[in-house]
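S.K.: Below is the file input-v2.cif, which contains mmCIF, C-alpha atoms.
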```cif
data_work
loop_
_atom_site.label_atom_id
_atom_site.label_comp_id
_atom_site.auth_asym_id
_atom_site.auth_seq_id
_atom_site.Cartn_x
_atom_site.Cartn_y
_atom_site.Cartn_z
CA MET A 1 -40.58 -28.15 93.54
CA LYS A 2 -41.44 -24.64 94.69
CA LYS A 3 -38.74 -23.17 92.45
CA LYS A 4 -40.09 -25.14 89.48
CA HIS A 5 -43.62 -23.91 90.24
CA CYS A 6 -42.37 -20.29 90.40
CA PHE A 7 -40.70 -20.64 87.01
CA GLN A 8 -43.81 -22.16 85.40
CA GLU A 9 -45.99 -19.38 86.81
CA PHE A 10 -43.49 -16.75 85.66
CA ILE A 11 -43.49 -18.16 82.12
CA ARG A 12 -47.30 -18.36 82.08
CA TYR A 13 -47.76 -14.71 82.97
CA THR A 14 -44.82 -13.10 81.19
CA PHE A 15 -44.96 -15.03 77.90
CA LEU A 16 -48.63 -14.22 77.45
CA ASN A 17 -48.14 -10.60 78.40
CA VAL A 18 -45.11 -10.11 76.15
CA MET A 19 -47.16 -11.46 73.24
CA GLY A 20 -50.00 -9.11 74.12
CA MET A 21 -47.74 -6.06 74.52
CA VAL A 22 -45.96 -6.72 71.23
CA GLY A 23 -49.36 -6.95 69.58
CA LEU A 24 -50.42 -3.73 71.32
CA SER A 25 -47.32 -1.93 70.05
CA CYS A 26 -48.50 -2.69 66.52
CA TYR A 27 -50.97 0.16 67.00
CA ILE A 28 -48.31 2.69 66.10
CA LEU A 29 -46.20 0.39 63.93
CA ALA A 30 -49.18 -0.32 61.66
CA ASP A 31 -49.85 3.41 61.42
CA THR A 32 -46.19 3.98 60.57
CA PHE A 33 -46.30 1.42 57.75
CA PHE A 34 -49.61 2.47 56.19
CA ILE A 35 -48.97 6.20 56.55
CA SER A 36 -45.53 5.83 54.98
CA LYS A 37 -47.09 3.96 52.06
CA GLY A 38 -50.07 6.26 51.65
CA LEU A 39 -48.71 9.70 52.63
CA GLY A 40 -44.93 9.52 52.30
CA ALA A 41 -42.29 11.28 54.40
CA ASN A 42 -44.51 14.22 55.45
CA GLY A 43 -47.18 11.85 56.75
CA LEU A 44 -44.52 9.90 58.63
CA ALA A 45 -43.18 13.13 60.13
CA ALA A 46 -46.71 14.19 61.20
CA LEU A 47 -47.26 10.84 62.91
CA ASN A 48 -43.97 11.14 64.77
CA LEU A 49 -44.90 14.64 65.95
CA ALA A 50 -48.24 13.36 67.32
CA ILE A 51 -46.90 10.25 69.07
CA PRO A 52 -45.96 12.07 72.34
CA VAL A 53 -49.62 12.90 72.95
CA TYR A 54 -50.63 9.29 72.33
CA SER A 55 -47.87 8.24 74.77
CA PHE A 56 -49.32 10.55 77.42
CA ILE A 57 -52.84 9.14 76.97
CA ASN A 58 -51.59 5.55 77.00
CA GLY A 59 -49.32 6.27 79.97
CA SER A 60 -52.20 7.75 81.97
CA GLY A 61 -54.21 4.57 81.44
CA LEU A 62 -51.21 2.44 82.39
CA MET A 63 -50.59 4.54 85.51
CA LEU A 64 -54.13 3.93 86.76
CA GLY A 65 -54.28 0.32 85.57
CA MET A 66 -50.86 -0.81 86.80
CA GLY A 67 -51.07 1.12 90.06
CA GLY A 68 -54.60 0.03 90.91
CA ALA A 69 -54.00 -3.57 89.83
CA THR A 70 -50.75 -3.77 91.83
CA LYS A 71 -52.56 -2.64 94.96
CA TYR A 72 -55.39 -5.04 94.11
CA SER A 73 -52.98 -8.01 93.89
CA ILE A 74 -51.38 -7.18 97.24
CA LEU A 75 -54.79 -6.89 98.94
CA LYS A 76 -55.92 -10.10 97.23
CA GLY A 77 -52.86 -11.86 98.68
CA GLN A 78 -53.90 -10.51 102.08
CA GLN A 79 -57.49 -11.80 101.61
CA SER A 80 -58.97 -8.28 101.78
CA ALA A 81 -61.85 -8.42 99.24
CA GLU A 82 -63.64 -5.26 100.38
CA ASN A 83 -60.56 -3.08 100.03
CA ALA A 84 -59.80 -4.69 96.67
CA ASP A 85 -63.22 -3.59 95.36
CA ARG A 86 -62.58 -0.10 96.73
CA ILE A 87 -59.33 0.11 94.72
CA PHE A 88 -61.09 -0.88 91.48
CA THR A 89 -63.99 1.53 92.05
CA ASN A 90 -61.74 4.53 92.71
CA THR A 91 -59.53 3.63 89.76
CA ILE A 92 -62.62 3.83 87.53
CA TYR A 93 -63.51 7.24 88.99
CA ALA A 94 -60.01 8.55 88.26
CA ALA A 95 -60.08 7.10 84.74
CA ALA A 96 -63.34 8.90 83.99
CA VAL A 97 -61.92 12.27 85.09
CA LEU A 98 -58.75 11.87 83.02
CA ALA A 99 -60.73 10.75 79.99
CA ALA A 100 -62.90 13.89 80.19
CA VAL A 101 -59.82 16.13 80.36
CA PHE A 102 -58.27 14.54 77.27
CA MET A 103 -61.53 14.79 75.31
CA ALA A 104 -61.79 18.50 76.15
CA ALA A 105 -58.23 18.99 74.91
CA GLY A 106 -59.15 17.27 71.65
CA LEU A 107 -62.25 19.38 71.13
CA PHE A 108 -60.74 22.76 71.96
CA GLY A 109 -56.94 22.56 71.80
CA SER A 110 -55.72 20.27 69.01
CA LYS A 111 -54.42 23.11 66.82
CA GLU A 112 -52.45 24.64 69.68
CA LEU A 113 -51.04 21.20 70.50
CA ALA A 114 -49.99 20.70 66.86
CA VAL A 115 -47.96 23.91 67.03
CA LEU A 116 -46.56 22.93 70.42
CA VAL A 117 -45.23 19.59 69.19
CA GLY A 118 -43.45 21.29 66.28
CA ALA A 119 -45.69 20.91 63.21
CA ASP A 120 -44.72 23.19 60.30
CA ALA A 121 -46.71 24.24 57.20
CA GLN A 122 -46.14 20.87 55.51
CA THR A 123 -47.23 18.73 58.46
CA PHE A 124 -49.66 20.95 60.41
CA GLU A 125 -52.98 19.74 58.95
CA MET A 126 -52.16 16.04 59.27
CA THR A 127 -50.78 16.50 62.80
CA ASP A 128 -53.89 18.44 63.86
CA ILE A 129 -56.22 15.72 62.54
CA TYR A 130 -54.29 12.94 64.26
CA LEU A 131 -54.18 14.79 67.59
CA LYS A 132 -57.86 15.73 67.58
CA VAL A 133 -59.09 12.21 66.89
CA ILE A 134 -56.65 10.41 69.21
CA LEU A 135 -57.67 12.72 72.08
CA LEU A 136 -61.38 12.14 71.43
CA PHE A 137 -60.74 8.39 71.67
CA ALA A 138 -58.84 8.82 74.97
CA PRO A 139 -61.62 7.23 77.10
CA ALA A 140 -61.30 3.99 75.13
CA PHE A 141 -57.51 3.87 75.53
CA ILE A 142 -57.61 4.66 79.26
CA PHE A 143 -60.39 2.26 80.25
CA ASN A 144 -58.93 -0.50 78.10
CA GLN A 145 -55.60 -0.24 79.93
CA VAL A 146 -57.35 -0.32 83.31
CA PHE A 147 -59.42 -3.40 82.40
CA VAL A 148 -56.45 -5.24 80.85
CA CYS A 149 -54.39 -4.76 84.03
CA PHE A 150 -57.16 -5.77 86.43
CA VAL A 151 -58.22 -8.82 84.41
CA ARG A 152 -54.62 -10.01 84.18
CA ASN A 153 -54.15 -9.54 87.93
CA ASP A 154 -57.39 -11.44 88.54
CA GLY A 155 -55.75 -14.61 87.20
CA ARG A 156 -56.66 -14.27 83.51
CA PRO A 157 -53.37 -13.51 81.68
CA ARG A 158 -54.52 -15.50 78.64
CA LEU A 159 -57.69 -13.44 78.26
CA SER A 160 -55.71 -10.20 78.62
CA MET A 161 -53.31 -11.35 75.93
CA ALA A 162 -56.18 -12.31 73.61
CA ALA A 163 -57.80 -8.91 74.09
CA MET A 164 -54.59 -7.04 73.28
CA LEU A 165 -53.73 -9.19 70.27
CA ILE A 166 -57.22 -9.20 68.73
CA GLY A 167 -57.51 -5.44 69.29
CA SER A 168 -54.19 -4.86 67.56
CA PHE A 169 -55.07 -7.19 64.69
CA SER A 170 -58.31 -5.28 64.13
CA ASN A 171 -56.26 -2.07 64.04
CA ILE A 172 -54.08 -3.44 61.25
CA ILE A 173 -57.08 -4.57 59.18
CA LEU A 174 -58.89 -1.24 59.64
CA ASP A 175 -55.68 0.65 58.84
CA TYR A 176 -55.51 -1.01 55.45
CA ILE A 177 -59.23 -0.52 54.72
CA PHE A 178 -59.35 3.15 55.77
CA VAL A 179 -56.02 4.27 54.24
CA PHE A 180 -56.15 2.45 50.90
CA PRO A 181 -59.60 1.30 49.63
CA LEU A 182 -61.42 4.19 51.35
CA GLN A 183 -58.57 6.71 50.75
CA MET A 184 -59.10 8.41 54.13
CA GLY A 185 -55.44 9.33 54.62
CA ILE A 186 -54.20 10.09 58.13
CA LEU A 187 -57.80 10.33 59.40
CA GLY A 188 -58.29 6.69 58.46
CA ALA A 189 -55.08 5.66 60.23
CA VAL A 190 -56.03 7.36 63.49
CA LEU A 191 -59.63 6.09 63.33
CA ALA A 192 -58.31 2.54 63.01
CA THR A 193 -56.11 3.08 66.05
CA GLY A 194 -59.03 4.52 68.02
CA CYS A 195 -61.33 1.59 67.24
CA ALA A 196 -58.88 -1.07 68.46
CA PRO A 197 -59.40 -0.60 72.24
CA PHE A 198 -63.16 -1.04 71.78
CA VAL A 199 -62.51 -4.46 70.24
CA SER A 200 -60.14 -5.27 73.13
CA MET A 201 -62.74 -4.31 75.75
CA CYS A 202 -65.34 -6.50 74.05
CA ILE A 203 -63.00 -9.48 74.47
CA LEU A 204 -62.34 -8.56 78.12
CA SER A 205 -66.08 -8.44 78.83
CA VAL A 206 -66.00 -12.26 78.92
CA HIS A 207 -64.40 -11.92 82.37
CA TRP A 208 -67.54 -10.32 83.79
CA LEU A 209 -69.87 -12.87 82.23
CA GLY A 210 -68.28 -15.77 84.11
CA ARG A 211 -67.92 -16.42 87.83
CA ARG A 212 -64.16 -15.89 88.07
CA ASN A 213 -64.34 -12.13 88.47
CA GLU A 214 -63.18 -11.12 91.97
CA PHE A 215 -63.23 -7.31 91.60
CA HIS A 216 -66.42 -5.29 91.43
CA PHE A 217 -67.54 -1.69 90.97
CA ARG A 218 -69.36 -0.41 94.04
CA LYS A 219 -71.36 2.78 94.44
CA GLU A 220 -69.41 4.81 96.97
CA ARG A 221 -67.85 8.23 97.40
CA VAL A 222 -64.57 9.11 95.74
CA GLN A 223 -61.66 8.49 98.11
CA PRO A 224 -58.63 10.56 97.07
CA ALA A 225 -56.32 8.66 99.43
CA VAL A 226 -57.20 5.35 97.75
CA ILE A 227 -56.63 6.84 94.29
CA ALA A 228 -53.32 8.33 95.45
CA SER A 229 -52.08 4.98 96.74
CA GLY A 230 -52.69 3.38 93.35
CA VAL A 231 -51.32 6.33 91.39
CA SER A 232 -48.13 6.27 93.46
CA LEU A 233 -47.43 2.66 92.44
CA GLY A 234 -48.47 3.25 88.82
CA LEU A 235 -46.58 6.51 88.35
CA PRO A 236 -43.44 4.79 86.95
CA SER A 237 -45.57 3.49 84.05
CA LEU A 238 -46.77 7.01 83.29
CA ILE A 239 -43.25 8.42 83.62
CA THR A 240 -41.95 5.79 81.19
CA GLU A 241 -44.62 6.59 78.59
CA VAL A 242 -44.54 10.37 79.03
CA SER A 243 -40.76 10.54 79.09
CA SER A 244 -40.65 8.65 75.80
CA GLY A 245 -43.01 11.28 74.38
CA VAL A 246 -40.92 14.14 75.77
CA VAL A 247 -37.77 12.54 74.39
CA ILE A 248 -39.41 12.28 70.97
CA LEU A 249 -40.28 16.00 71.12
CA VAL A 250 -36.71 16.93 72.07
CA PHE A 251 -35.20 14.59 69.50
CA ASN A 252 -37.56 15.91 66.81
CA THR A 253 -36.30 19.44 67.49
CA ILE A 254 -32.65 18.41 67.34
CA VAL A 255 -33.04 16.13 64.31
CA TRP A 256 -35.05 18.75 62.39
CA ARG A 257 -32.23 21.25 62.95
CA LEU A 258 -29.68 18.72 61.66
CA ALA A 259 -31.61 17.01 58.81
CA GLY A 260 -35.05 18.61 58.34
CA ASN A 261 -38.30 16.68 57.80
CA ILE A 262 -36.43 13.77 56.17
CA GLY A 263 -34.46 13.42 59.40
CA ILE A 264 -37.66 13.48 61.47
CA ALA A 265 -39.19 10.81 59.23
CA ALA A 266 -36.05 8.66 59.66
CA TYR A 267 -36.16 9.18 63.41
CA GLY A 268 -39.83 8.19 63.27
CA VAL A 269 -38.78 4.79 61.89
CA VAL A 270 -36.24 4.31 64.70
CA ALA A 271 -38.59 5.57 67.44
CA ASN A 272 -41.50 3.42 66.31
CA LEU A 273 -39.34 0.31 66.09
CA SER A 274 -38.11 1.05 69.59
CA ILE A 275 -41.74 1.04 70.79
CA VAL A 276 -41.93 -2.63 69.79
CA ALA A 277 -38.65 -3.39 71.59
CA VAL A 278 -39.75 -1.54 74.72
CA SER A 279 -43.07 -3.39 74.63
CA ILE A 280 -41.19 -6.68 75.05
CA PHE A 281 -39.58 -5.48 78.29
CA THR A 282 -42.80 -3.84 79.42
CA GLY A 283 -44.51 -7.17 78.79
CA ILE A 284 -42.01 -8.93 81.07
CA ALA A 285 -42.39 -6.26 83.75
CA GLN A 286 -46.19 -6.16 83.64
CA GLY A 287 -46.42 -9.94 83.37
CA MET A 288 -44.36 -10.55 86.52
CA GLN A 289 -46.11 -7.76 88.48
CA PRO A 290 -49.24 -9.75 89.53
CA ILE A 291 -47.26 -12.73 90.82
CA VAL A 292 -44.61 -10.55 92.52
CA SER A 293 -47.27 -8.43 94.24
CA ARG A 294 -49.28 -11.49 95.29
CA ALA A 295 -46.19 -13.21 96.74
CA TYR A 296 -45.23 -9.98 98.50
CA GLY A 297 -48.76 -9.62 99.92
CA LYS A 298 -48.51 -13.17 101.33
CA GLY A 299 -45.11 -12.42 102.86
CA ASP A 300 -43.34 -14.94 100.60
CA ARG A 301 -40.08 -13.03 100.14
CA LYS A 302 -38.20 -15.97 98.56
CA SER A 303 -40.66 -16.29 95.67
CA THR A 304 -40.77 -12.51 95.29
CA LYS A 305 -37.03 -12.40 94.71
CA GLN A 306 -37.07 -15.49 92.48
CA PHE A 307 -39.60 -13.88 90.13
CA PHE A 308 -37.37 -10.80 89.89
CA TYR A 309 -34.31 -12.88 88.94
CA TYR A 310 -36.31 -14.65 86.23
CA GLY A 311 -37.38 -11.25 84.89
CA VAL A 312 -33.82 -9.92 84.71
CA ILE A 313 -32.49 -13.05 82.98
CA THR A 314 -35.36 -13.08 80.46
CA ALA A 315 -34.84 -9.38 79.68
CA GLY A 316 -31.11 -9.95 79.13
CA VAL A 317 -31.63 -12.87 76.73
CA LEU A 318 -34.29 -11.03 74.72
CA SER A 319 -32.16 -7.86 74.58
CA ALA A 320 -29.39 -9.75 72.83
CA ALA A 321 -31.80 -11.56 70.48
CA VAL A 322 -33.63 -8.37 69.44
CA TYR A 323 -30.42 -6.41 68.87
CA VAL A 324 -28.91 -9.10 66.65
CA MET A 325 -32.14 -9.24 64.63
CA VAL A 326 -32.48 -5.48 64.07
CA PHE A 327 -28.75 -5.10 63.34
CA VAL A 328 -28.72 -7.84 60.70
CA PHE A 329 -32.00 -6.78 59.08
CA SER A 330 -31.75 -2.99 59.59
CA ASP A 331 -31.65 -2.22 55.87
CA PRO A 332 -34.80 -4.14 54.83
CA ILE A 333 -36.59 -2.98 58.01
CA ALA A 334 -35.94 0.68 57.18
CA ALA A 335 -36.90 0.08 53.55
CA VAL A 336 -40.36 -1.15 54.58
CA PHE A 337 -41.14 2.35 55.91
CA ASN A 338 -39.34 4.21 53.13
CA SER A 339 -42.05 4.05 50.47
CA GLU A 340 -40.51 6.89 48.42
CA GLN A 341 -37.13 5.09 48.44
CA ASN A 342 -35.45 8.23 49.73
CA GLU A 343 -31.73 7.47 49.91
CA MET A 344 -31.04 9.99 52.68
CA LEU A 345 -33.92 8.71 54.84
CA GLN A 346 -32.68 5.13 54.38
CA LYS A 347 -29.12 5.98 55.35
CA ILE A 348 -30.10 7.96 58.45
CA ALA A 349 -32.58 5.31 59.64
CA VAL A 350 -30.17 2.37 59.23
CA HIS A 351 -27.37 4.16 61.08
CA GLY A 352 -29.84 5.17 63.79
CA ILE A 353 -31.02 1.59 64.29
CA HIS A 354 -27.45 0.32 64.70
CA VAL A 355 -26.51 2.85 67.37
CA TYR A 356 -29.82 3.57 69.15
CA PHE A 357 -30.68 -0.08 69.79
CA THR A 358 -27.54 -0.72 71.84
CA ALA A 359 -29.67 0.81 74.61
CA LEU A 360 -31.62 -2.47 74.80
CA PHE A 361 -28.93 -4.10 76.93
CA PHE A 362 -29.59 -1.62 79.75
CA MET A 363 -33.22 -0.77 79.01
CA GLY A 364 -34.61 -4.23 79.75
CA PHE A 365 -32.99 -4.36 83.19
CA ASN A 366 -34.16 -0.84 84.05
CA ILE A 367 -37.80 -1.48 83.11
CA VAL A 368 -37.94 -4.79 84.99
CA LEU A 369 -36.27 -3.30 88.10
CA SER A 370 -38.57 -0.27 88.14
CA SER A 371 -41.63 -2.54 87.94
CA TYR A 372 -40.22 -4.75 90.68
CA PHE A 373 -39.79 -1.78 93.02
CA ALA A 374 -43.42 -0.71 92.40
CA SER A 375 -44.71 -4.29 92.79
CA ILE A 376 -43.33 -4.51 96.35
CA GLU A 377 -44.58 -1.02 97.29
CA ARG A 378 -41.18 0.67 96.97
CA ALA A 379 -42.56 3.65 95.08
CA VAL A 380 -39.68 6.10 95.66
CA PRO A 381 -36.88 4.04 94.02
CA ALA A 382 -39.31 3.13 91.22
CA HIS A 383 -39.96 6.84 90.59
CA ILE A 384 -36.26 7.73 90.77
CA LEU A 385 -35.27 5.05 88.26
CA SER A 386 -38.09 5.97 85.87
CA ILE A 387 -37.32 9.70 85.96
CA THR A 388 -33.55 9.34 85.64
CA ARG A 389 -33.69 6.98 82.66
CA GLY A 390 -36.56 8.79 80.98
CA LEU A 391 -35.77 12.47 81.48
CA ILE A 392 -32.89 13.53 83.72
CA PHE A 393 -30.13 11.70 81.84
CA VAL A 394 -31.41 11.42 78.29
CA ILE A 395 -32.31 15.06 77.49
CA PRO A 396 -28.94 16.59 78.53
CA ALA A 397 -27.20 13.68 76.79
CA ALA A 398 -29.10 14.43 73.56
CA TYR A 399 -28.07 18.10 73.51
CA ILE A 400 -24.44 17.47 74.55
CA LEU A 401 -23.79 14.49 72.29
CA SER A 402 -25.56 16.02 69.26
CA ALA A 403 -23.33 19.09 69.64
CA LEU A 404 -20.27 16.81 69.62
CA ALA A 405 -21.29 14.21 67.01
CA GLU A 406 -24.47 15.53 65.29
CA LEU A 407 -26.91 12.72 64.37
CA THR A 408 -24.64 10.00 65.77
CA GLY A 409 -24.75 11.87 69.07
CA VAL A 410 -28.56 11.88 68.96
CA TRP A 411 -28.63 8.10 68.51
CA LEU A 412 -26.08 7.64 71.34
CA ALA A 413 -28.09 9.67 73.86
CA VAL A 414 -30.50 6.88 74.79
CA PRO A 415 -27.84 4.14 75.27
CA VAL A 416 -25.75 6.50 77.43
CA ALA A 417 -28.78 7.55 79.53
CA GLU A 418 -29.98 3.96 80.01
CA GLY A 419 -26.47 2.87 81.04
CA MET A 420 -26.22 5.62 83.66
CA ALA A 421 -29.72 4.82 84.96
CA CYS A 422 -28.75 1.15 85.18
CA MET A 423 -25.95 2.04 87.59
CA VAL A 424 -28.37 4.11 89.70
CA GLY A 425 -30.84 1.21 89.78
CA ILE A 426 -28.20 -1.31 90.89
CA VAL A 427 -27.09 1.00 93.74
CA MET A 428 -30.70 1.43 94.95
CA TYR A 429 -31.36 -2.32 94.77
CA VAL A 430 -28.20 -3.16 96.74
CA ARG A 431 -29.02 -0.53 99.37
CA MET A 432 -32.61 -1.75 99.67
CA ASN A 433 -31.44 -5.32 100.21
CA GLY A 434 -28.91 -4.17 102.80
CA MET A 435 -31.57 -2.25 104.73
CA GLY A 436 -34.00 -5.18 104.39
CA ARG A 437 -31.54 -7.65 105.93
CA GLN A 438 -30.96 -5.28 108.85
CA ARG A 439 -34.72 -5.34 109.54
CA GLY A 440 -34.99 -9.11 109.12
CA MET A 441 -36.52 -8.91 105.60
CA ASP A 442 -35.13 -10.00 102.25
CA PHE A 443 -36.07 -8.22 99.02
#
```
Please, can you express the file's structure as structure tokens?

M.R.:
Amino acid sequence: MKKKHCFQEFIRYTFLNVMGMVGLSCYILADTFFISKGLGANGLAALNLAIPVYSFINGSGLMLGMGGATKYSILKGQQSAENADRIFTNTIYAAAVLAAVFMAAGLFGSKELAVLVGADAQTFEMTDIYLKVILLFAPAFIFNQVFVCFVRNDGRPRLSMAAMLIGSFSNIILDYIFVFPLQMGILGAVLATGCAPFVSMCILSVHWLGRRNEFHFRKERVQPAVIASGVSLGLPSLITEVSSGVVILVFNTIVWRLAGNIGIAAYGVVANLSIVAVSIFTGIAQGMQPIVSRAYGKGDRKSTKQFFYYGVITAGVLSAAVYVMVFVFSDPIAAVFNSEQNEMLQKIAVHGIHVYFTALFFMGFNIVLSSYFASIERAVPAHILSITRGLIFVIPAAYILSALAELTGVWLAVPVAEGMACMVGIVMYVRMNGMGRQRGMDF
């Protein structure tokens, strides 16, 4: 009966969160579609150049939200309401500081950032506009991520999902209105993206109007140690987001050298599709986090491990399903974003989808395992797995394999890096379990 209850709770949290995360990933996918239709290959290239900065903003919000909410769930399981409020309050303080830093960068440094990410004469103006506006909307992105995580961990996964989906749907509608009827170009696309988290936060506000809210903001001094404890557990989320941005920068440089702006536009199609795929695994990982952390806080090691097994199996099944779908429909998928019907862009994108997406079979396991480590306060292995899969393996692989096999080598870099990280993760998990059994614990 307990096993059946665990499975039902796992499905309740993860299904809703996967739906919400897939909807959230439509932020960038909608931009990709409408920009490709309205601005062509150069607009698509400009968007791809700006995505790393968006990833950093989003990752910062996730770091604070996931880290703070993980700590909140553990304390909630331990019946420590006062400390739970302290975690939320200090997470809000940290979010406000980060938001101010990003806004300052948007006001005074967008042009320098556009050059830094690789914009040339053809893409500079559009890249600069996108960066400036997305940075000015950083407070909305950061606070939305924090609220989504805390509301979900407060027993409202359905409300979190609704907020993410409705926010994303509003983004798609505004994208169409701003880019086509109003002819606002890339400014319209980024404004639509920036408005979406406000819609999401309006939906989440329902949580504070009822009596089910168990976390509260309290007027107290900033406590760096409390912030650090949350950041430590949320750092893998930031590493995952930032590393994807860094990888895009590196790949943009390599692809531009091999195939110019058409190559970057084609890579933009592949990279943005991968955001949707990654969001599925992130949804599983974030969905299981509240129930894993709560079980861990209660000392229920059996349920903790059971939730992890469900996560791994679900990720494996969805990896296979997504790969089959994108492989079979790669040509029409690429054509959707190829508004100019550029034959070279189509060919590069289709080949990239076939090779790049083989990474899914390792990626799902890695993301779930990293989240599991963080959920049971094993920050070090979570950091190691996130850094190895996101930076240490993939960047050298991109340079080495592209030198050996050009664009095919670029597409192979991510599958190779994820496969190597998977082996590292398995070793750490086995060692952790061995050490746990020696101490009378089972993880």

S.K.: In Å, how far is it from atom CA of Met126 of chain A to atom CA of Val190 of chain A?

M.R.: 10.4 Å

S.K.: Between atom CA of Leu135 of chain A and atom CA of Ser232 of chain A, what is the distance in Å, rounded to a tenth?

M.R.: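 A separation of 24.3 Å between them.
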
S.K.: Report as a list in words all protein, DNA and RNA residues lying within 9 Å of Ala266 of chain A, evaluated on all atoms listed in the file, omitting residues in the same chain fewer than 4 positions from it.

M.R.: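 Contacts, in chain order: Ala41, Leu44, Ala45, Asn261, Ile262, Val270, Ala271, Ala334, Phe337, Asn338, Met344, Leu345, Gln346, Lys347, Ile348, Ala349, Val350 and Gly352 of chain A.
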
S.K.: Closest to Thr358 of chain A among A:Leu391, A:Ala315, A:Ile264, A:Ala413, using only C-alpha atoms?

M.R.: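 Smallest distance to Thr358 of chain A is found for A:Ala413.
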
S.K.: Kindly assemble as a Markdown table a list of the segment 38-107 of chain A residues that lie within 12 Å of segment 282-289 of chain A, each paired with its nearest atom pair and their distance in Å to one decimal, using only C-alpha atoms, sorted first by chain and then by ascending residue number.

M.R.:
```
| residue | atom | partner | partner_atom | distance |
| --- | --- | --- | --- | --- |
| A:Leu62 | CA | A:Gln286 | CA | 10.0 |
| A:Met63 | CA | A:Gln286 | CA | 11.7 |
| A:Gly65 | CA | A:Gln286 | CA | 10.5 |
| A:Met66 | CA | A:Gln286 | CA | 7.8 |
| A:Gly67 | CA | A:Gln289 | CA | 10.3 |
| A:Gly68 | CA | A:Gln289 | CA | 11.8 |
| A:Ala69 | CA | A:Gln289 | CA | 9.0 |
| A:Thr70 | CA | A:Gln289 | CA | 7.0 |
| A:Lys71 | CA | A:Gln289 | CA | 10.5 |
| A:Tyr72 | CA | A:Gln289 | CA | 11.2 |
| A:Ser73 | CA | A:Gln289 | CA | 8.7 |
| A:Ile74 | CA | A:Gln289 | CA | 10.2 |
```

S.K.: Please compute the atom CA of Gly185 of chain A-atom CA of Glu343 of chain A distance, one decimal, in Å.

M.R.: 24.2 Å

S.K.: Looking at all atoms listed in the file, which of A:Ser160, A:Ser274, A:Gln78, A:Val427 is the one that sits closest to Asp300 of chain A?

M.R.: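 For Asp300 of chain A, the nearest of the candidates is A:Gln78.
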
S.K.: I'd like to see the residues matched by the PyMOL selection byres ((chain A and resi 195) around 9) on this file, and ideally I'd get them as a PyMOL selection string.

M.R.: chain A and resi 137+140+167+170-171+174+190-194+196-199

S.K.: Got a sec to resolve the PyMOL selection byres ((chain A and resi 99) around 12) on this structure and send the residues as a VMD selection string?

M.R.: chain A and resid 56 to 58 60 to 61 64 92 to 98 100 to 106 134 to 144

S.K.: Just checking: using all atoms listed in the file, which residue out of A:Gly43, A:Leu204, A:Ala421, A:Asn366 ends up closest to Ile166 of chain A?

M.R.: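 Among A:Gly43, A:Leu204, A:Ala421, A:Asn366, it is A:Leu204 that comes nearest to Ile166 of chain A.
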
S.K.: Using the chain letters and numbers from this file, what does the PyMOL selection byres ((chain A and resi 224) around 12) select? Give the answer as JSON, numbers by chain.

M.R.: {"A": [86, 87, 89, 90, 91, 93, 94, 221, 222, 223, 225, 226, 227, 228, 229, 230, 231, 232]}

S.K.: Keeping only C-alpha atoms, take the residues you just selected and write them out as a PDB file, in the coordinates of the input.

M.R.:
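selection.pdb, written as the output of this step:
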```
ATOM      1  CA  ARG A  86     -62.580  -0.100  96.730  1.00  0.00           C
ATOM      2  CA  ILE A  87     -59.330   0.110  94.720  1.00  0.00           C
ATOM      3  CA  THR A  89     -63.990   1.530  92.050  1.00  0.00           C
ATOM      4  CA  ASN A  90     -61.740   4.530  92.710  1.00  0.00           C
ATOM      5  CA  THR A  91     -59.530   3.630  89.760  1.00  0.00           C
ATOM      6  CA  TYR A  93     -63.510   7.240  88.990  1.00  0.00           C
ATOM      7  CA  ALA A  94     -60.010   8.550  88.260  1.00  0.00           C
ATOM      8  CA  ARG A 221     -67.850   8.230  97.400  1.00  0.00           C
ATOM      9  CA  VAL A 222     -64.570   9.110  95.740  1.00  0.00           C
ATOM     10  CA  GLN A 223     -61.660   8.490  98.110  1.00  0.00           C
ATOM     11  CA  ALA A 225     -56.320   8.660  99.430  1.00  0.00           C
ATOM     12  CA  VAL A 226     -57.200   5.350  97.750  1.00  0.00           C
ATOM     13  CA  ILE A 227     -56.630   6.840  94.290  1.00  0.00           C
ATOM     14  CA  ALA A 228     -53.320   8.330  95.450  1.00  0.00           C
ATOM     15  CA  SER A 229     -52.080   4.980  96.740  1.00  0.00           C
ATOM     16  CA  GLY A 230     -52.690   3.380  93.350  1.00  0.00           C
ATOM     17  CA  VAL A 231     -51.320   6.330  91.390  1.00  0.00           C
ATOM     18  CA  SER A 232     -48.130   6.270  93.460  1.00  0.00           C
TER      19      SER A 232
END
```

S.K.: Using only C-alpha atoms, which protein or nucleic acid residues come within 9 Å of segment 402-407 of chain A? Drop anything in the same chain fewer than 4 positions from it, and give the result as a PyMOL selection string.

M.R.: chain A and resi 254-255+258-259+348+352+397-398+411-413

S.K.: Pick from A:Ala163, A:Val368, A:Ile186, A:Ile173: nearest to Ser200 of chain A, with all atoms listed in the file counted?

M.R.: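 With all atoms listed in the file as the atom set, the closest residue is A:Ala163.
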
S.K.: Taking only C-alpha atoms into account, which of A:Ala189, A:Ala121, A:Met184, A:Leu159 comes nearest Met201 of chain A?

M.R.: A:Leu159
